[in-house]
file query_38.cif (mmCIF, C-alpha atoms)
data_entry
#
loop_
_atom_site.label_atom_id
_atom_site.label_comp_id
_atom_site.auth_asym_id
_atom_site.auth_seq_id
_atom_site.Cartn_x
_atom_site.Cartn_y
_atom_site.Cartn_z
CA ALA A 1 28.47 -97.10 -5.18
CA GLN A 2 29.18 -100.16 -7.25
CA SER A 3 31.28 -103.01 -5.91
CA VAL A 4 32.24 -106.58 -6.69
CA ALA A 5 33.36 -109.36 -4.36
CA GLN A 6 35.14 -112.63 -4.97
CA PRO A 7 34.77 -114.41 -1.62
CA GLU A 8 37.45 -117.04 -2.24
CA ASP A 9 41.12 -116.16 -2.57
CA GLN A 10 41.89 -119.64 -3.85
CA VAL A 11 39.93 -122.58 -5.24
CA ASN A 12 41.35 -126.09 -5.63
CA VAL A 13 39.71 -128.57 -8.00
CA ALA A 14 40.76 -131.99 -9.23
CA GLU A 15 41.26 -132.33 -12.96
CA GLY A 16 38.10 -133.54 -14.66
CA ASN A 17 35.81 -132.25 -11.92
CA PRO A 18 33.44 -129.30 -12.40
CA LEU A 19 34.67 -125.95 -11.16
CA THR A 20 32.96 -122.83 -9.87
CA VAL A 21 34.54 -119.46 -9.13
CA LYS A 22 32.19 -117.19 -7.23
CA CYS A 23 31.39 -113.52 -7.80
CA THR A 24 28.81 -111.23 -6.25
CA TYR A 25 28.17 -107.61 -7.13
CA SER A 26 26.38 -104.49 -6.05
CA VAL A 27 25.17 -101.76 -8.41
CA SER A 28 22.31 -99.30 -8.24
CA GLY A 29 21.19 -99.93 -11.82
CA ASN A 30 21.47 -102.83 -14.22
CA PRO A 31 24.87 -104.55 -14.23
CA TYR A 32 27.24 -105.29 -17.02
CA LEU A 33 29.37 -108.21 -15.78
CA PHE A 34 32.68 -109.54 -17.03
CA TRP A 35 35.13 -112.35 -16.34
CA TYR A 36 38.82 -112.13 -17.14
CA VAL A 37 41.66 -114.63 -16.73
CA GLN A 38 45.33 -113.90 -16.03
CA TYR A 39 48.06 -116.43 -16.69
CA PRO A 40 51.49 -115.98 -15.04
CA ASN A 41 53.41 -112.95 -16.27
CA ARG A 42 50.64 -112.01 -18.69
CA GLY A 43 47.95 -109.36 -18.92
CA LEU A 44 44.30 -110.08 -18.34
CA GLN A 45 42.35 -111.82 -21.08
CA PHE A 46 38.62 -111.40 -21.60
CA LEU A 47 36.59 -114.60 -21.08
CA LEU A 48 32.93 -113.63 -21.26
CA LYS A 49 30.38 -110.98 -20.39
CA TYR A 50 26.74 -110.56 -19.46
CA ILE A 51 24.95 -107.55 -20.90
CA THR A 52 21.32 -108.63 -21.21
CA GLY A 53 19.20 -111.59 -22.26
CA ASP A 54 19.93 -115.22 -21.47
CA ASN A 55 21.20 -115.66 -17.93
CA LEU A 56 23.67 -118.35 -19.00
CA VAL A 57 26.58 -116.86 -20.91
CA LYS A 58 29.13 -118.99 -22.77
CA GLY A 59 32.68 -117.83 -23.30
CA SER A 60 36.17 -118.86 -24.27
CA TYR A 61 37.93 -122.13 -23.35
CA GLY A 62 34.67 -123.88 -22.40
CA PHE A 63 33.83 -121.48 -19.58
CA GLU A 64 30.34 -120.24 -18.85
CA ALA A 65 28.78 -118.00 -16.24
CA GLU A 66 25.30 -117.72 -14.80
CA PHE A 67 23.75 -114.36 -14.02
CA ASN A 68 21.43 -114.48 -11.01
CA LYS A 69 19.73 -111.16 -10.41
CA SER A 70 18.00 -112.12 -7.17
CA GLN A 71 21.27 -113.30 -5.62
CA THR A 72 23.33 -110.56 -7.36
CA SER A 73 25.81 -113.20 -8.46
CA PHE A 74 27.72 -114.06 -11.61
CA HIS A 75 29.57 -117.31 -10.90
CA LEU A 76 32.05 -118.70 -13.42
CA LYS A 77 31.72 -122.40 -14.21
CA LYS A 78 33.24 -125.15 -16.29
CA PRO A 79 31.93 -128.74 -16.47
CA SER A 80 35.33 -130.44 -16.53
CA ALA A 81 38.49 -128.71 -15.32
CA LEU A 82 41.84 -128.91 -17.08
CA VAL A 83 45.26 -128.41 -15.49
CA SER A 84 45.76 -125.59 -18.01
CA ASP A 85 42.83 -123.72 -16.42
CA SER A 86 45.05 -122.95 -13.44
CA ALA A 87 45.27 -119.16 -13.36
CA LEU A 88 44.03 -116.03 -11.63
CA TYR A 89 40.42 -115.11 -12.40
CA PHE A 90 38.88 -111.66 -12.07
CA CYS A 91 35.22 -110.71 -12.00
CA ALA A 92 34.32 -107.14 -12.97
CA VAL A 93 31.15 -105.05 -12.95
CA ARG A 94 29.92 -101.82 -14.46
CA ASP A 95 26.66 -100.07 -13.76
CA SER A 96 24.87 -99.65 -17.10
CA ASP A 97 22.87 -96.69 -15.83
CA ARG A 98 25.80 -94.63 -14.62
CA ASP A 99 28.90 -93.24 -16.24
CA ASP A 100 31.18 -95.14 -13.86
CA LYS A 101 34.32 -97.06 -14.54
CA ILE A 102 34.53 -100.83 -14.47
CA ILE A 103 35.34 -102.23 -11.04
CA PHE A 104 37.44 -105.39 -10.69
CA GLY A 105 37.30 -107.92 -7.89
CA LYS A 106 40.50 -108.87 -6.08
CA GLY A 107 40.82 -112.12 -7.99
CA THR A 108 40.54 -115.82 -7.24
CA ARG A 109 43.45 -118.15 -7.83
CA LEU A 110 42.28 -121.41 -9.36
CA HIS A 111 44.44 -124.51 -8.89
CA ILE A 112 43.57 -127.58 -10.91
CA LEU A 113 45.18 -130.64 -9.38
CA PRO A 114 46.31 -133.42 -11.74
CA ASP B 1 46.87 -108.36 -35.98
CA ALA B 2 45.88 -105.51 -33.70
CA GLU B 3 47.54 -105.50 -30.32
CA ILE B 4 48.42 -103.48 -27.26
CA THR B 5 52.05 -103.26 -26.18
CA GLN B 6 53.85 -101.89 -23.16
CA SER B 7 57.45 -100.89 -22.68
CA PRO B 8 59.64 -101.48 -20.90
CA ARG B 9 58.53 -104.86 -19.55
CA HIS B 10 60.78 -104.47 -16.53
CA LYS B 11 62.16 -101.32 -14.95
CA ILE B 12 64.27 -100.66 -11.87
CA THR B 13 64.60 -97.06 -10.77
CA GLU B 14 65.55 -95.02 -7.72
CA THR B 15 63.38 -93.01 -5.40
CA GLY B 16 62.78 -89.49 -6.69
CA ARG B 17 63.43 -90.19 -10.35
CA GLN B 18 60.88 -89.48 -13.05
CA VAL B 19 59.75 -92.59 -14.91
CA THR B 20 57.58 -92.95 -18.00
CA LEU B 21 55.86 -96.18 -18.98
CA ALA B 22 54.72 -96.49 -22.57
CA CYS B 23 51.47 -97.98 -23.84
CA HIS B 24 50.65 -98.34 -27.54
CA GLN B 25 47.55 -99.90 -29.09
CA THR B 26 46.73 -100.60 -32.71
CA TRP B 27 43.05 -101.43 -32.13
CA ASN B 28 42.06 -97.82 -32.90
CA HIS B 29 40.21 -97.81 -29.58
CA ASN B 30 38.97 -94.55 -28.10
CA ASN B 31 39.31 -95.60 -24.46
CA MET B 32 42.59 -96.32 -22.71
CA PHE B 33 43.28 -97.15 -19.07
CA TRP B 34 46.18 -97.58 -16.68
CA TYR B 35 45.94 -99.97 -13.72
CA ARG B 36 48.30 -101.16 -11.05
CA GLN B 37 48.15 -104.68 -9.67
CA ASP B 38 49.22 -105.38 -6.11
CA LEU B 39 48.78 -108.48 -3.98
CA GLY B 40 45.61 -108.22 -1.95
CA HIS B 41 44.28 -105.26 -3.94
CA GLY B 42 43.53 -106.71 -7.33
CA LEU B 43 43.48 -104.11 -10.09
CA ARG B 44 43.21 -100.44 -9.22
CA LEU B 45 42.56 -97.73 -11.78
CA ILE B 46 45.18 -94.97 -11.98
CA HIS B 47 44.12 -92.82 -14.95
CA TYR B 48 41.96 -93.21 -18.01
CA SER B 49 41.20 -91.46 -21.28
CA TYR B 50 38.11 -91.48 -23.47
CA GLY B 51 39.81 -89.88 -26.45
CA VAL B 52 42.54 -87.55 -27.68
CA GLN B 53 43.21 -84.69 -25.25
CA ASP B 54 40.92 -86.29 -22.66
CA THR B 55 42.37 -87.58 -19.37
CA ASN B 56 40.73 -88.45 -16.05
CA LYS B 57 41.85 -89.50 -12.60
CA GLY B 58 41.15 -92.92 -11.24
CA GLU B 59 41.07 -94.11 -7.64
CA VAL B 60 44.86 -94.09 -7.10
CA SER B 61 46.06 -91.18 -9.26
CA ASP B 62 48.31 -89.34 -6.77
CA GLY B 63 51.90 -89.22 -8.03
CA TYR B 64 50.97 -90.23 -11.58
CA SER B 65 50.09 -88.32 -14.75
CA VAL B 66 49.07 -89.19 -18.30
CA SER B 67 48.67 -87.37 -21.59
CA ARG B 68 46.80 -88.38 -24.74
CA SER B 69 48.11 -86.66 -27.85
CA ASN B 70 46.95 -89.33 -30.30
CA THR B 71 44.64 -92.33 -30.40
CA GLU B 72 47.35 -94.97 -30.13
CA ASP B 73 49.37 -93.92 -27.09
CA LEU B 74 48.77 -93.22 -23.40
CA PRO B 75 52.12 -92.86 -21.56
CA LEU B 76 52.06 -93.01 -17.77
CA THR B 77 54.52 -90.78 -15.90
CA LEU B 78 55.60 -91.14 -12.31
CA GLU B 79 56.68 -87.60 -11.43
CA SER B 80 58.94 -88.57 -8.52
CA ALA B 81 59.04 -92.31 -7.98
CA ALA B 82 58.37 -93.66 -4.50
CA SER B 83 58.86 -97.15 -3.07
CA SER B 84 55.08 -97.41 -2.67
CA GLN B 85 54.83 -97.28 -6.46
CA THR B 86 56.64 -100.59 -6.84
CA SER B 87 54.01 -102.64 -8.64
CA VAL B 88 52.97 -104.27 -11.88
CA TYR B 89 51.35 -101.79 -14.24
CA PHE B 90 48.83 -102.74 -16.91
CA CYS B 91 47.54 -100.69 -19.78
CA ALA B 92 44.18 -101.53 -21.35
CA SER B 93 41.96 -100.25 -24.12
CA SER B 94 38.34 -100.59 -25.17
CA LEU B 95 36.40 -99.50 -28.20
CA GLY B 96 34.42 -96.81 -26.43
CA GLY B 97 30.99 -95.33 -26.90
CA THR B 98 29.28 -97.93 -24.74
CA ALA B 99 29.71 -99.45 -21.30
CA LYS B 100 29.26 -102.92 -22.80
CA ASP B 101 32.74 -103.13 -24.28
CA GLU B 102 35.34 -105.45 -22.80
CA GLN B 103 38.89 -104.24 -22.25
CA PHE B 104 42.01 -105.54 -23.94
CA PHE B 105 45.11 -105.63 -21.76
CA GLY B 106 48.80 -105.23 -22.46
CA PRO B 107 51.39 -107.66 -21.05
CA GLY B 108 52.32 -105.42 -18.13
CA THR B 109 55.37 -103.54 -16.83
CA ARG B 110 57.00 -104.63 -13.60
CA LEU B 111 58.38 -101.53 -11.88
CA THR B 112 60.70 -101.64 -8.90
CA VAL B 113 61.52 -98.43 -7.04
CA LEU B 114 64.58 -98.73 -4.80
#

call {"tool": "encode", "arguments": {"input": "query_38.cif", "output": "structure tokens"}}
result
Amino acid sequence: AQSVAQPEDQVNVAEGNPLTVKCTYSVSGNPYLFWYVQYPNRGLQFLLKYITGDNLVKGSYGFEAEFNKSQTSFHLKKPSALVSDSALYFCAVRDSDRDDKIIFGKGTRLHILP
Amino acid sequence: DAEITQSPRHKITETGRQVTLACHQTWNHNNMFWYRQDLGHGLRLIHYSYGVQDTNKGEVSDGYSVSRSNTEDLPLTLESAASSQTSVYFCASSLGGTAKDEQFFGPGTRLTVL
């Protein structure tokens, strides 16, 4: 069965510092991986995805994520955090070789401290 | 611009009543999904549809039903509302035909069952 884990419920980062939000996954086949962001009282917004090819994926708002097959990870990163990046972040995975639904992690709340 | 809308945005109802939450998308997407979001659980899939007249159960489908009579709409019905169904409900859509597609989310409906 496929699964995704976000080991940190909350991450605190000072404004201007680099940030990382962690995600690990488990699928039997090749993964399709996604990151979404949720601002207060809003629906989820798509940030970026890994399908195939370059392990470093660039997305919206200056975010990027690195796919690491050996560590089964897809960590979200940004070189310099902004206060406006404070939000709830969800990692999601789908097994490309199976007709399964996308599975979301439980979310990581990111606090950027001014 | 294409969008996905949900109504109502807030709903208070009583135990035992039937409640219908509306979801309408103008993306012309084949796939539509209903999720509930609860603290500590992240997003959980309730029902989904891959096209007109197609509906499928997700991981938490008990007490819920959906119907898909056209491409644009996937209403979610709570047959007899229970306090355990107090939650925030999100509708989403994706293009369909491939597992690579990201989902687009509505703004959510906050449902309180008293």

call {"tool": "closest_residue", "arguments": {"input": "query_38.cif", "among": "B:Thr71, B:Gln37, B:Ser93, B:Gln85", "to": "B:Thr5", "atoms": "all atoms listed in the file"}}
result
B:Ser93

call {"tool": "interface_residues", "arguments": {"input": "query_38.cif", "of": "chain B", "to": "chain A", "cutoff": "8 Å", "atoms": "all atoms listed in the file", "output": "ChimeraX atom specification"}}
result
/B:40-44,90,99-100,102-108

call {"tool": "atom_distance", "arguments": {"input": "query_38.cif", "atom1": "atom CA of A:Asn17", "atom2": "atom CA of A:Lys58"}}
result
18.4 Å

call {"tool": "atom_distance", "arguments": {"input": "query_38.cif", "atom1": "atom CA of B:Cys91", "atom2": "atom CA of B:Met32"}}
result
7.2 Å

call {"tool": "atom_distance", "arguments": {"input": "query_38.cif", "atom1": "atom CA of B:Asn28", "atom2": "atom CA of A:Val37"}}
result
23.3 Å

call {"tool": "residues_near_point", "arguments": {"input": "query_38.cif", "point": "(35.3, -132.4, -17.5)", "cutoff": "6 Å", "atoms": "all atoms listed in the file", "output": "JSON, numbers by chain"}}
result
{"A": [16, 17, 79, 80, 81]}

call {"tool": "resolve_selection", "arguments": {"input": "query_38.cif", "expression": "the PyMOL selection byres ((chain A and resi 65) around 8)", "output": "VMD selection string"}}
result
chain A and resid 48 56 to 58 63 to 64 66 to 67 74 to 77

call {"tool": "resolve_selection", "arguments": {"input": "query_38.cif", "expression": "the PyMOL selection byres ((chain A and resi 4) around 7)", "output": "list in words"}}
result
Ser3, Ala5, Gln6, Thr24, Tyr25, Ser26, Ala92, Val93, Ile103, Phe104 and Gly105 of chain A

call {"tool": "write_last_selection", "arguments": {"input": "query_38.cif", "atoms": "C-alpha atoms", "output": "PDB file, in the coordinates of the input"}}
result
ATOM      1  CA  SER A   3      31.280-103.010  -5.910  1.00  0.00           C
ATOM      2  CA  ALA A   5      33.360-109.360  -4.360  1.00  0.00           C
ATOM      3  CA  GLN A   6      35.140-112.630  -4.970  1.00  0.00           C
ATOM      4  CA  THR A  24      28.810-111.230  -6.250  1.00  0.00           C
ATOM      5  CA  TYR A  25      28.170-107.610  -7.130  1.00  0.00           C
ATOM      6  CA  SER A  26      26.380-104.490  -6.050  1.00  0.00           C
ATOM      7  CA  ALA A  92      34.320-107.140 -12.970  1.00  0.00           C
ATOM      8  CA  VAL A  93      31.150-105.050 -12.950  1.00  0.00           C
ATOM      9  CA  ILE A 103      35.340-102.230 -11.040  1.00  0.00           C
ATOM     10  CA  PHE A 104      37.440-105.390 -10.690  1.00  0.00           C
ATOM     11  CA  GLY A 105      37.300-107.920  -7.890  1.00  0.00           C
TER      12      GLY A 105
END

call {"tool": "residues_around", "arguments": {"input": "query_38.cif", "residues": "A:Glu15", "least_positions_apart": "6", "cutoff": "10 Å", "atoms": "only C-alpha atoms", "output": "VMD selection string"}}
result
chain A and resid 80 to 85 111 to 114

call {"tool": "resolve_selection", "arguments": {"input": "query_38.cif", "expression": "the PyMOL selection byres ((chain B and resi 109) around 6)", "output": "ChimeraX atom specification"}}
result
/B:9-10,88-89,108,110

call {"tool": "write_last_selection", "arguments": {"input": "query_38.cif", "atoms": "C-alpha atoms", "output": "PDB file, keeping the file's coordinate frame"}}
result
ATOM      1  CA  ARG B   9      58.530-104.860 -19.550  1.00  0.00           C
ATOM      2  CA  HIS B  10      60.780-104.470 -16.530  1.00  0.00           C
ATOM      3  CA  VAL B  88      52.970-104.270 -11.880  1.00  0.00           C
ATOM      4  CA  TYR B  89      51.350-101.790 -14.240  1.00  0.00           C
ATOM      5  CA  GLY B 108      52.320-105.420 -18.130  1.00  0.00           C
ATOM      6  CA  ARG B 110      57.000-104.630 -13.600  1.00  0.00           C
TER       7      ARG B 110
END

call {"tool": "residues_near_point", "arguments": {"input": "query_38.cif", "point": "(43.2, -123.2, -2.3)", "cutoff": "12 Å", "atoms": "only C-alpha atoms", "output": "ChimeraX atom specification"}}
result
/A:8-14,21,86-88,108-113

call {"tool": "write_last_selection", "arguments": {"input": "query_38.cif", "atoms": "C-alpha atoms", "output": "short mmCIF file (atom, residue, chain, number, x, y, z; two decimals), keeping the file's coordinate frame"}}
result
data_model
loop_
_atom_site.label_atom_id
_atom_site.label_comp_id
_atom_site.auth_asym_id
_atom_site.auth_seq_id
_atom_site.Cartn_x
_atom_site.Cartn_y
_atom_site.Cartn_z
CA GLU A 8 37.45 -117.04 -2.24
CA ASP A 9 41.12 -116.16 -2.57
CA GLN A 10 41.89 -119.64 -3.85
CA VAL A 11 39.93 -122.58 -5.24
CA ASN A 12 41.35 -126.09 -5.63
CA VAL A 13 39.71 -128.57 -8.00
CA ALA A 14 40.76 -131.99 -9.23
CA VAL A 21 34.54 -119.46 -9.13
CA SER A 86 45.05 -122.95 -13.44
CA ALA A 87 45.27 -119.16 -13.36
CA LEU A 88 44.03 -116.03 -11.63
CA THR A 108 40.54 -115.82 -7.24
CA ARG A 109 43.45 -118.15 -7.83
CA LEU A 110 42.28 -121.41 -9.36
CA HIS A 111 44.44 -124.51 -8.89
CA ILE A 112 43.57 -127.58 -10.91
CA LEU A 113 45.18 -130.64 -9.38
#

call {"tool": "residues_around", "arguments": {"input": "query_38.cif", "residues": "stretch 58-66 of chain B", "least_positions_apart": "5", "cutoff": "8 Å", "atoms": "all atoms listed in the file", "output": "mmCIF file with C-alpha atoms, in the frame of the given file"}}
result
data_model
loop_
_atom_site.group_PDB
_atom_site.id
_atom_site.type_symbol
_atom_site.label_atom_id
_atom_site.label_comp_id
_atom_site.auth_asym_id
_atom_site.auth_seq_id
_atom_site.Cartn_x
_atom_site.Cartn_y
_atom_site.Cartn_z
ATOM 1 C CA ARG B 44 43.210 -100.440 -9.220
ATOM 2 C CA LEU B 45 42.560 -97.730 -11.780
ATOM 3 C CA ILE B 46 45.180 -94.970 -11.980
ATOM 4 C CA HIS B 47 44.120 -92.820 -14.950
ATOM 5 C CA TYR B 48 41.960 -93.210 -18.010
ATOM 6 C CA LEU B 74 48.770 -93.220 -23.400
ATOM 7 C CA PRO B 75 52.120 -92.860 -21.560
ATOM 8 C CA LEU B 76 52.060 -93.010 -17.770
ATOM 9 C CA THR B 77 54.520 -90.780 -15.900
ATOM 10 C CA LEU B 78 55.600 -91.140 -12.310
ATOM 11 C CA GLU B 79 56.680 -87.600 -11.430
ATOM 12 C CA SER B 80 58.940 -88.570 -8.520
ATOM 13 C CA ALA B 81 59.040 -92.310 -7.980
#

call {"tool": "closest_residue", "arguments": {"input": "query_38.cif", "among": "B:Asp1, B:Glu72, B:Asp38, B:Asp54", "to": "B:Ser84", "atoms": "all atoms listed in the file"}}
result
B:Asp38
